[in-house]
Amino acid sequence: MDAAEENEILVGTGCSSNIIKSLLSFAEKYRQSLSADSVQKNRKLGTRALVRIATRLARFPQDDDLNALISRSLLAEFLPAMERITLDTLLQEAGIIKRSACVRSVI
């Protein structure tokens, strides 16, 4: 599926366009990193996972911690150390910054 189709599907969830741009930017970089390495295919971030994340953000706009949602979707806590570092780097490059526990409780 190309980026335009994926964008159209995600817009249909009712999620904010800024969040969709960040999500698609990260997904593209993450998928490219997977093809560069010989990583298992079950760790790819597919359209179905993106739709789940966008739908959740549309339903619960106050819970907009995109970093946490992506990390949960990819089961980041179970990734090998090098893959976890790569994931964190890609998230930062896409402008998806990890929030501290203090910030989450205030928001």
# chains A, B, ... in the order shown; residues from 1 in each chain; ligands from 1
>>> residues_around(residues="range 21-30 of chain A", least_positions_apart="3", cutoff="7 Å", atoms="only C-alpha atoms", output="ChimeraX atom specification")
/A:17-18,33-34,45,90-91,94
>>> residues_around(residues="Ala76 in chain A", least_positions_apart="5", cutoff="8 Å", atoms="only C-alpha atoms", output="list in words")
Ser71, Arg84 and Leu87 of chain A
>>> atom_distance(atom1="CA of Met82 in chain A", atom2="CA of Leu66 in chain A")
21.2 Å
>>> atom_distance(atom1="CA of Asn7 in chain A", atom2="CA of Thr47 in chain A")
9.7 Å
>>> closest_residue(among="A:Ala3, A:Ile96, A:Leu75, A:Ile70", to="Arg56 in chain A", atoms="only C-alpha atoms")
A:Ile70
>>> select_by_dssp(residues="chain A", states="alpha helix (DSSP H)", output="PDB file with N, CA and C atoms, in the first residue's frame")
ATOM      1  N   ALA A   3       1.835   5.420   0.375  1.00  0.00           N
ATOM      2  CA  ALA A   3       1.651   6.377   1.462  1.00  0.00           C
ATOM      3  C   ALA A   3       0.334   7.144   1.349  1.00  0.00           C
ATOM      4  N   ALA A   4      -0.076   7.466   0.136  1.00  0.00           N
ATOM      5  CA  ALA A   4      -1.324   8.221  -0.048  1.00  0.00           C
ATOM      6  C   ALA A   4      -2.537   7.412   0.413  1.00  0.00           C
ATOM      7  N   GLU A   5      -2.556   6.122   0.071  1.00  0.00           N
ATOM      8  CA  GLU A   5      -3.671   5.259   0.502  1.00  0.00           C
ATOM      9  C   GLU A   5      -3.680   5.122   2.018  1.00  0.00           C
ATOM     10  N   GLU A   6      -2.504   4.926   2.577  1.00  0.00           N
ATOM     11  CA  GLU A   6      -2.412   4.765   4.025  1.00  0.00           C
ATOM     12  C   GLU A   6      -2.857   6.050   4.732  1.00  0.00           C
ATOM     13  N   ASN A   7      -2.450   7.192   4.201  1.00  0.00           N
ATOM     14  CA  ASN A   7      -2.859   8.476   4.762  1.00  0.00           C
ATOM     15  C   ASN A   7      -4.377   8.623   4.706  1.00  0.00           C
ATOM     16  N   GLU A   8      -4.982   8.268   3.590  1.00  0.00           N
ATOM     17  CA  GLU A   8      -6.430   8.362   3.428  1.00  0.00           C
ATOM     18  C   GLU A   8      -7.164   7.496   4.451  1.00  0.00           C
ATOM     19  N   ILE A   9      -6.657   6.308   4.671  1.00  0.00           N
ATOM     20  CA  ILE A   9      -7.273   5.403   5.644  1.00  0.00           C
ATOM     21  C   ILE A   9      -7.169   5.981   7.048  1.00  0.00           C
ATOM     22  N   LEU A  10      -6.003   6.515   7.396  1.00  0.00           N
ATOM     23  CA  LEU A  10      -5.804   7.067   8.740  1.00  0.00           C
ATOM     24  C   LEU A  10      -6.627   8.334   8.955  1.00  0.00           C
ATOM     25  N   VAL A  11      -6.785   9.153   7.931  1.00  0.00           N
ATOM     26  CA  VAL A  11      -7.627  10.345   8.042  1.00  0.00           C
ATOM     27  C   VAL A  11      -9.064   9.928   8.331  1.00  0.00           C
ATOM     28  N   SER A  17      -4.535  15.534  11.861  1.00  0.00           N
ATOM     29  CA  SER A  17      -3.623  15.413  10.713  1.00  0.00           C
ATOM     30  C   SER A  17      -2.165  15.543  11.120  1.00  0.00           C
ATOM     31  N   ASN A  18      -1.867  16.335  12.158  1.00  0.00           N
ATOM     32  CA  ASN A  18      -0.479  16.452  12.636  1.00  0.00           C
ATOM     33  C   ASN A  18       0.021  15.129  13.202  1.00  0.00           C
ATOM     34  N   ILE A  19      -0.825  14.462  13.927  1.00  0.00           N
ATOM     35  CA  ILE A  19      -0.443  13.169  14.502  1.00  0.00           C
ATOM     36  C   ILE A  19      -0.280  12.137  13.393  1.00  0.00           C
ATOM     37  N   ILE A  20      -1.152  12.180  12.403  1.00  0.00           N
ATOM     38  CA  ILE A  20      -1.058  11.238  11.281  1.00  0.00           C
ATOM     39  C   ILE A  20       0.250  11.443  10.528  1.00  0.00           C
ATOM     40  N   LYS A  21       0.652  12.688  10.323  1.00  0.00           N
ATOM     41  CA  LYS A  21       1.924  12.961   9.644  1.00  0.00           C
ATOM     42  C   LYS A  21       3.087  12.378  10.428  1.00  0.00           C
ATOM     43  N   SER A  22       3.098  12.597  11.735  1.00  0.00           N
ATOM     44  CA  SER A  22       4.171  12.049  12.579  1.00  0.00           C
ATOM     45  C   SER A  22       4.173  10.533  12.544  1.00  0.00           C
ATOM     46  N   LEU A  23       2.992   9.960  12.628  1.00  0.00           N
ATOM     47  CA  LEU A  23       2.854   8.507  12.625  1.00  0.00           C
ATOM     48  C   LEU A  23       3.343   7.899  11.316  1.00  0.00           C
ATOM     49  N   LEU A  24       2.950   8.490  10.196  1.00  0.00           N
ATOM     50  CA  LEU A  24       3.377   7.978   8.891  1.00  0.00           C
ATOM     51  C   LEU A  24       4.867   8.189   8.654  1.00  0.00           C
ATOM     52  N   SER A  25       5.385   9.301   9.119  1.00  0.00           N
ATOM     53  CA  SER A  25       6.818   9.571   8.994  1.00  0.00           C
ATOM     54  C   SER A  25       7.622   8.521   9.752  1.00  0.00           C
ATOM     55  N   PHE A  26       7.199   8.255  10.983  1.00  0.00           N
ATOM     56  CA  PHE A  26       7.882   7.235  11.768  1.00  0.00           C
ATOM     57  C   PHE A  26       7.742   5.861  11.129  1.00  0.00           C
ATOM     58  N   ALA A  27       6.542   5.514  10.696  1.00  0.00           N
ATOM     59  CA  ALA A  27       6.302   4.186  10.124  1.00  0.00           C
ATOM     60  C   ALA A  27       7.179   3.948   8.896  1.00  0.00           C
ATOM     61  N   GLU A  28       7.331   4.960   8.059  1.00  0.00           N
ATOM     62  CA  GLU A  28       8.161   4.816   6.867  1.00  0.00           C
ATOM     63  C   GLU A  28       9.620   4.557   7.245  1.00  0.00           C
ATOM     64  N   LYS A  29      10.129   5.337   8.194  1.00  0.00           N
ATOM     65  CA  LYS A  29      11.521   5.156   8.638  1.00  0.00           C
ATOM     66  C   LYS A  29      11.706   3.794   9.304  1.00  0.00           C
ATOM     67  N   TYR A  30      10.729   3.402  10.109  1.00  0.00           N
ATOM     68  CA  TYR A  30      10.817   2.118  10.814  1.00  0.00           C
ATOM     69  C   TYR A  30      10.805   0.956   9.824  1.00  0.00           C
ATOM     70  N   ARG A  31       9.943   1.027   8.836  1.00  0.00           N
ATOM     71  CA  ARG A  31       9.873  -0.034   7.829  1.00  0.00           C
ATOM     72  C   ARG A  31      11.159  -0.115   7.019  1.00  0.00           C
ATOM     73  N   GLN A  32      11.756   1.033   6.705  1.00  0.00           N
ATOM     74  CA  GLN A  32      13.024   1.029   5.977  1.00  0.00           C
ATOM     75  C   GLN A  32      14.126   0.407   6.820  1.00  0.00           C
ATOM     76  N   SER A  33      14.112   0.661   8.105  1.00  0.00           N
ATOM     77  CA  SER A  33      15.137   0.072   8.970  1.00  0.00           C
ATOM     78  C   SER A  33      14.975  -1.439   9.057  1.00  0.00           C
ATOM     79  N   LEU A  34      13.724  -1.917   8.960  1.00  0.00           N
ATOM     80  CA  LEU A  34      13.501  -3.357   8.989  1.00  0.00           C
ATOM     81  C   LEU A  34      14.023  -4.029   7.727  1.00  0.00           C
ATOM     82  N   SER A  35      13.829  -3.391   6.592  1.00  0.00           N
ATOM     83  CA  SER A  35      14.289  -4.000   5.356  1.00  0.00           C
ATOM     84  C   SER A  35      15.806  -3.964   5.272  1.00  0.00           C
ATOM     85  N   ALA A  36      16.426  -2.990   5.950  1.00  0.00           N
ATOM     86  CA  ALA A  36      17.882  -2.909   5.943  1.00  0.00           C
ATOM     87  C   ALA A  36      18.490  -4.029   6.786  1.00  0.00           C
ATOM     88  N   THR A  47      -0.295  -1.347   8.455  1.00  0.00           N
ATOM     89  CA  THR A  47      -1.419  -0.415   8.385  1.00  0.00           C
ATOM     90  C   THR A  47      -2.441  -0.710   9.474  1.00  0.00           C
ATOM     91  N   ARG A  48      -2.647  -1.961   9.761  1.00  0.00           N
ATOM     92  CA  ARG A  48      -3.608  -2.330  10.806  1.00  0.00           C
ATOM     93  C   ARG A  48      -3.208  -1.743  12.154  1.00  0.00           C
ATOM     94  N   ALA A  49      -1.924  -1.825  12.488  1.00  0.00           N
ATOM     95  CA  ALA A  49      -1.440  -1.261  13.750  1.00  0.00           C
ATOM     96  C   ALA A  49      -1.576   0.262  13.751  1.00  0.00           C
ATOM     97  N   LEU A  50      -1.296   0.893  12.614  1.00  0.00           N
ATOM     98  CA  LEU A  50      -1.433   2.350  12.523  1.00  0.00           C
ATOM     99  C   LEU A  50      -2.889   2.775  12.685  1.00  0.00           C
ATOM    100  N   VAL A  51      -3.800   2.004  12.116  1.00  0.00           N
ATOM    101  CA  VAL A  51      -5.229   2.310  12.256  1.00  0.00           C
ATOM    102  C   VAL A  51      -5.651   2.175  13.716  1.00  0.00           C
ATOM    103  N   ARG A  52      -5.159   1.165  14.400  1.00  0.00           N
ATOM    104  CA  ARG A  52      -5.500   0.997  15.824  1.00  0.00           C
ATOM    105  C   ARG A  52      -5.024   2.190  16.641  1.00  0.00           C
ATOM    106  N   ILE A  53      -3.785   2.620  16.377  1.00  0.00           N
ATOM    107  CA  ILE A  53      -3.227   3.761  17.109  1.00  0.00           C
ATOM    108  C   ILE A  53      -4.027   5.026  16.798  1.00  0.00           C
ATOM    109  N   ALA A  54      -4.299   5.289  15.522  1.00  0.00           N
ATOM    110  CA  ALA A  54      -5.041   6.492  15.128  1.00  0.00           C
ATOM    111  C   ALA A  54      -6.461   6.481  15.687  1.00  0.00           C
ATOM    112  N   THR A  55      -7.101   5.330  15.689  1.00  0.00           N
ATOM    113  CA  THR A  55      -8.455   5.224  16.227  1.00  0.00           C
ATOM    114  C   THR A  55      -8.465   5.505  17.722  1.00  0.00           C
ATOM    115  N   ARG A  56      -7.484   4.975  18.426  1.00  0.00           N
ATOM    116  CA  ARG A  56      -7.397   5.235  19.870  1.00  0.00           C
ATOM    117  C   ARG A  56      -7.186   6.719  20.144  1.00  0.00           C
ATOM    118  N   LEU A  57      -6.304   7.339  19.363  1.00  0.00           N
ATOM    119  CA  LEU A  57      -6.057   8.772  19.548  1.00  0.00           C
ATOM    120  C   LEU A  57      -7.289   9.608  19.207  1.00  0.00           C
ATOM    121  N   ALA A  58      -8.080   9.172  18.244  1.00  0.00           N
ATOM    122  CA  ALA A  58      -9.306   9.891  17.894  1.00  0.00           C
ATOM    123  C   ALA A  58     -10.353   9.746  19.004  1.00  0.00           C
ATOM    124  N   ARG A  59     -10.424   8.582  19.614  1.00  0.00           N
ATOM    125  CA  ARG A  59     -11.409   8.347  20.683  1.00  0.00           C
ATOM    126  C   ARG A  59     -11.019   9.014  21.987  1.00  0.00           C
ATOM    127  N   LEU A  66       2.028   9.440  21.855  1.00  0.00           N
ATOM    128  CA  LEU A  66       2.281   8.625  20.669  1.00  0.00           C
ATOM    129  C   LEU A  66       3.453   7.680  20.878  1.00  0.00           C
ATOM    130  N   ASN A  67       4.461   8.132  21.606  1.00  0.00           N
ATOM    131  CA  ASN A  67       5.618   7.294  21.881  1.00  0.00           C
ATOM    132  C   ASN A  67       5.206   6.022  22.623  1.00  0.00           C
ATOM    133  N   ALA A  68       4.398   6.175  23.642  1.00  0.00           N
ATOM    134  CA  ALA A  68       3.956   5.018  24.426  1.00  0.00           C
ATOM    135  C   ALA A  68       3.085   4.079  23.598  1.00  0.00           C
ATOM    136  N   LEU A  69       2.200   4.654  22.780  1.00  0.00           N
ATOM    137  CA  LEU A  69       1.317   3.818  21.956  1.00  0.00           C
ATOM    138  C   LEU A  69       2.114   2.998  20.936  1.00  0.00           C
ATOM    139  N   ILE A  70       3.082   3.626  20.302  1.00  0.00           N
ATOM    140  CA  ILE A  70       3.909   2.908  19.322  1.00  0.00           C
ATOM    141  C   ILE A  70       4.752   1.855  20.021  1.00  0.00           C
ATOM    142  N   SER A  71       5.330   2.219  21.155  1.00  0.00           N
ATOM    143  CA  SER A  71       6.163   1.262  21.891  1.00  0.00           C
ATOM    144  C   SER A  71       5.360   0.040  22.321  1.00  0.00           C
ATOM    145  N   ARG A  72       4.133   0.266  22.776  1.00  0.00           N
ATOM    146  CA  ARG A  72       3.278  -0.867  23.150  1.00  0.00           C
ATOM    147  C   ARG A  72       2.914  -1.712  21.938  1.00  0.00           C
ATOM    148  N   SER A  73       2.637  -1.054  20.830  1.00  0.00           N
ATOM    149  CA  SER A  73       2.253  -1.765  19.615  1.00  0.00           C
ATOM    150  C   SER A  73       3.377  -2.667  19.114  1.00  0.00           C
ATOM    151  N   ALA A  81      18.338  -5.243  22.818  1.00  0.00           N
ATOM    152  CA  ALA A  81      18.858  -3.912  23.155  1.00  0.00           C
ATOM    153  C   ALA A  81      19.155  -3.062  21.923  1.00  0.00           C
ATOM    154  N   MET A  82      19.789  -3.609  20.914  1.00  0.00           N
ATOM    155  CA  MET A  82      20.142  -2.823  19.734  1.00  0.00           C
ATOM    156  C   MET A  82      18.894  -2.378  18.969  1.00  0.00           C
ATOM    157  N   GLU A  83      17.912  -3.244  18.880  1.00  0.00           N
ATOM    158  CA  GLU A  83      16.673  -2.872  18.191  1.00  0.00           C
ATOM    159  C   GLU A  83      15.914  -1.812  18.982  1.00  0.00           C
ATOM    160  N   ARG A  84      15.975  -1.886  20.295  1.00  0.00           N
ATOM    161  CA  ARG A  84      15.324  -0.885  21.150  1.00  0.00           C
ATOM    162  C   ARG A  84      15.981   0.482  20.968  1.00  0.00           C
ATOM    163  N   ILE A  85      17.301   0.492  20.886  1.00  0.00           N
ATOM    164  CA  ILE A  85      18.024   1.745  20.661  1.00  0.00           C
ATOM    165  C   ILE A  85      17.657   2.329  19.302  1.00  0.00           C
ATOM    166  N   THR A  86      17.589   1.475  18.282  1.00  0.00           N
ATOM    167  CA  THR A  86      17.202   1.925  16.945  1.00  0.00           C
ATOM    168  C   THR A  86      15.785   2.487  16.966  1.00  0.00           C
ATOM    169  N   LEU A  87      14.879   1.815  17.653  1.00  0.00           N
ATOM    170  CA  LEU A  87      13.501   2.281  17.768  1.00  0.00           C
ATOM    171  C   LEU A  87      13.444   3.653  18.432  1.00  0.00           C
ATOM    172  N   ASP A  88      14.155   3.816  19.539  1.00  0.00           N
ATOM    173  CA  ASP A  88      14.162   5.102  20.241  1.00  0.00           C
ATOM    174  C   ASP A  88      14.730   6.214  19.363  1.00  0.00           C
ATOM    175  N   THR A  89      15.766   5.901  18.600  1.00  0.00           N
ATOM    176  CA  THR A  89      16.364   6.885  17.691  1.00  0.00           C
ATOM    177  C   THR A  89      15.381   7.292  16.608  1.00  0.00           C
ATOM    178  N   LEU A  90      14.701   6.320  16.026  1.00  0.00           N
ATOM    179  CA  LEU A  90      13.716   6.619  14.978  1.00  0.00           C
ATOM    180  C   LEU A  90      12.552   7.447  15.518  1.00  0.00           C
ATOM    181  N   LEU A  91      12.129   7.154  16.728  1.00  0.00           N
ATOM    182  CA  LEU A  91      11.051   7.931  17.343  1.00  0.00           C
ATOM    183  C   LEU A  91      11.482   9.382  17.539  1.00  0.00           C
ATOM    184  N   GLN A  92      12.705   9.581  17.995  1.00  0.00           N
ATOM    185  CA  GLN A  92      13.208  10.946  18.187  1.00  0.00           C
ATOM    186  C   GLN A  92      13.338  11.677  16.857  1.00  0.00           C
ATOM    187  N   GLU A  93      13.815  10.986  15.823  1.00  0.00           N
ATOM    188  CA  GLU A  93      13.961  11.606  14.509  1.00  0.00           C
ATOM    189  C   GLU A  93      12.613  12.027  13.934  1.00  0.00           C
ATOM    190  N   ALA A 101       7.087  10.290  33.441  1.00  0.00           N
ATOM    191  CA  ALA A 101       5.930   9.861  34.220  1.00  0.00           C
ATOM    192  C   ALA A 101       5.228  11.044  34.874  1.00  0.00           C
ATOM    193  N   CYS A 102       5.972  12.068  35.247  1.00  0.00           N
ATOM    194  CA  CYS A 102       5.385  13.249  35.877  1.00  0.00           C
ATOM    195  C   CYS A 102       4.471  13.988  34.906  1.00  0.00           C
ATOM    196  N   VAL A 103       4.902  14.118  33.696  1.00  0.00           N
ATOM    197  CA  VAL A 103       4.111  14.842  32.703  1.00  0.00           C
ATOM    198  C   VAL A 103       2.820  14.090  32.407  1.00  0.00           C
ATOM    199  N   ARG A 104       2.887  12.764  32.327  1.00  0.00           N
ATOM    200  CA  ARG A 104       1.685  11.975  32.044  1.00  0.00           C
ATOM    201  C   ARG A 104       0.633  12.147  33.130  1.00  0.00           C
ATOM    202  N   SER A 105       1.065  12.175  34.396  1.00  0.00           N
ATOM    203  CA  SER A 105       0.083  12.257  35.475  1.00  0.00           C
ATOM    204  C   SER A 105      -0.571  13.638  35.530  1.00  0.00           C
ATOM    205  N   VAL A 106       0.124  14.674  35.110  1.00  0.00           N
ATOM    206  CA  VAL A 106      -0.438  16.016  35.108  1.00  0.00           C
ATOM    207  C   VAL A 106      -1.448  16.175  33.991  1.00  0.00           C
TER     208      VAL A 106
END
>>> atom_distance(atom1="CA of Asp65 in chain A", atom2="CA of Pro80 in chain A")
22.8 Å
>>> decode(residues="range 71-86 of chain A", atoms="N, CA, C and O atoms", output="short mmCIF file (atom, residue, chain, number, x, y, z; two decimals), in the first residue's frame")
data_model
loop_
_atom_site.label_atom_id
_atom_site.label_comp_id
_atom_site.auth_asym_id
_atom_site.auth_seq_id
_atom_site.Cartn_x
_atom_site.Cartn_y
_atom_site.Cartn_z
N SER A 71 5.33 2.22 21.15
CA SER A 71 6.16 1.26 21.89
C SER A 71 5.36 0.04 22.32
O SER A 71 5.84 -1.09 22.22
N ARG A 72 4.13 0.27 22.78
CA ARG A 72 3.28 -0.87 23.15
C ARG A 72 2.91 -1.71 21.94
O ARG A 72 2.88 -2.94 22.01
N SER A 73 2.64 -1.05 20.83
CA SER A 73 2.25 -1.77 19.61
C SER A 73 3.38 -2.67 19.11
O SER A 73 3.13 -3.76 18.61
N LEU A 74 4.61 -2.20 19.26
CA LEU A 74 5.77 -2.97 18.79
C LEU A 74 6.37 -3.86 19.88
O LEU A 74 7.38 -4.50 19.65
N LEU A 75 5.74 -3.86 21.05
CA LEU A 75 6.24 -4.62 22.20
C LEU A 75 7.72 -4.29 22.46
O LEU A 75 8.57 -5.14 22.58
N ALA A 76 7.98 -2.98 22.55
CA ALA A 76 9.35 -2.47 22.64
C ALA A 76 10.10 -3.00 23.86
O ALA A 76 11.32 -3.19 23.79
N GLU A 77 9.40 -3.24 24.95
CA GLU A 77 10.10 -3.70 26.15
C GLU A 77 10.69 -5.11 25.97
O GLU A 77 11.58 -5.50 26.73
N PHE A 78 10.26 -5.83 24.96
CA PHE A 78 10.78 -7.17 24.72
C PHE A 78 11.79 -7.23 23.57
O PHE A 78 12.28 -8.30 23.24
N LEU A 79 12.08 -6.08 22.96
CA LEU A 79 13.03 -6.05 21.85
C LEU A 79 14.45 -6.22 22.37
O LEU A 79 14.76 -5.79 23.48
N PRO A 80 15.32 -6.80 21.55
CA PRO A 80 16.74 -6.83 21.92
C PRO A 80 17.28 -5.41 22.07
O PRO A 80 16.72 -4.46 21.48
N ALA A 81 18.34 -5.24 22.82
CA ALA A 81 18.86 -3.91 23.16
C ALA A 81 19.16 -3.06 21.92
O ALA A 81 18.78 -1.88 21.88
N MET A 82 19.79 -3.61 20.91
CA MET A 82 20.14 -2.82 19.73
C MET A 82 18.89 -2.38 18.97
O MET A 82 18.84 -1.26 18.47
N GLU A 83 17.91 -3.24 18.88
CA GLU A 83 16.67 -2.87 18.19
C GLU A 83 15.91 -1.81 18.98
O GLU A 83 15.30 -0.92 18.41
N ARG A 84 15.98 -1.89 20.29
CA ARG A 84 15.32 -0.89 21.15
C ARG A 84 15.98 0.48 20.97
O ARG A 84 15.31 1.51 20.88
N ILE A 85 17.30 0.49 20.89
CA ILE A 85 18.02 1.75 20.66
C ILE A 85 17.66 2.33 19.30
O ILE A 85 17.42 3.53 19.17
N THR A 86 17.59 1.48 18.28
CA THR A 86 17.20 1.93 16.95
C THR A 86 15.79 2.49 16.97
O THR A 86 15.52 3.54 16.37
#
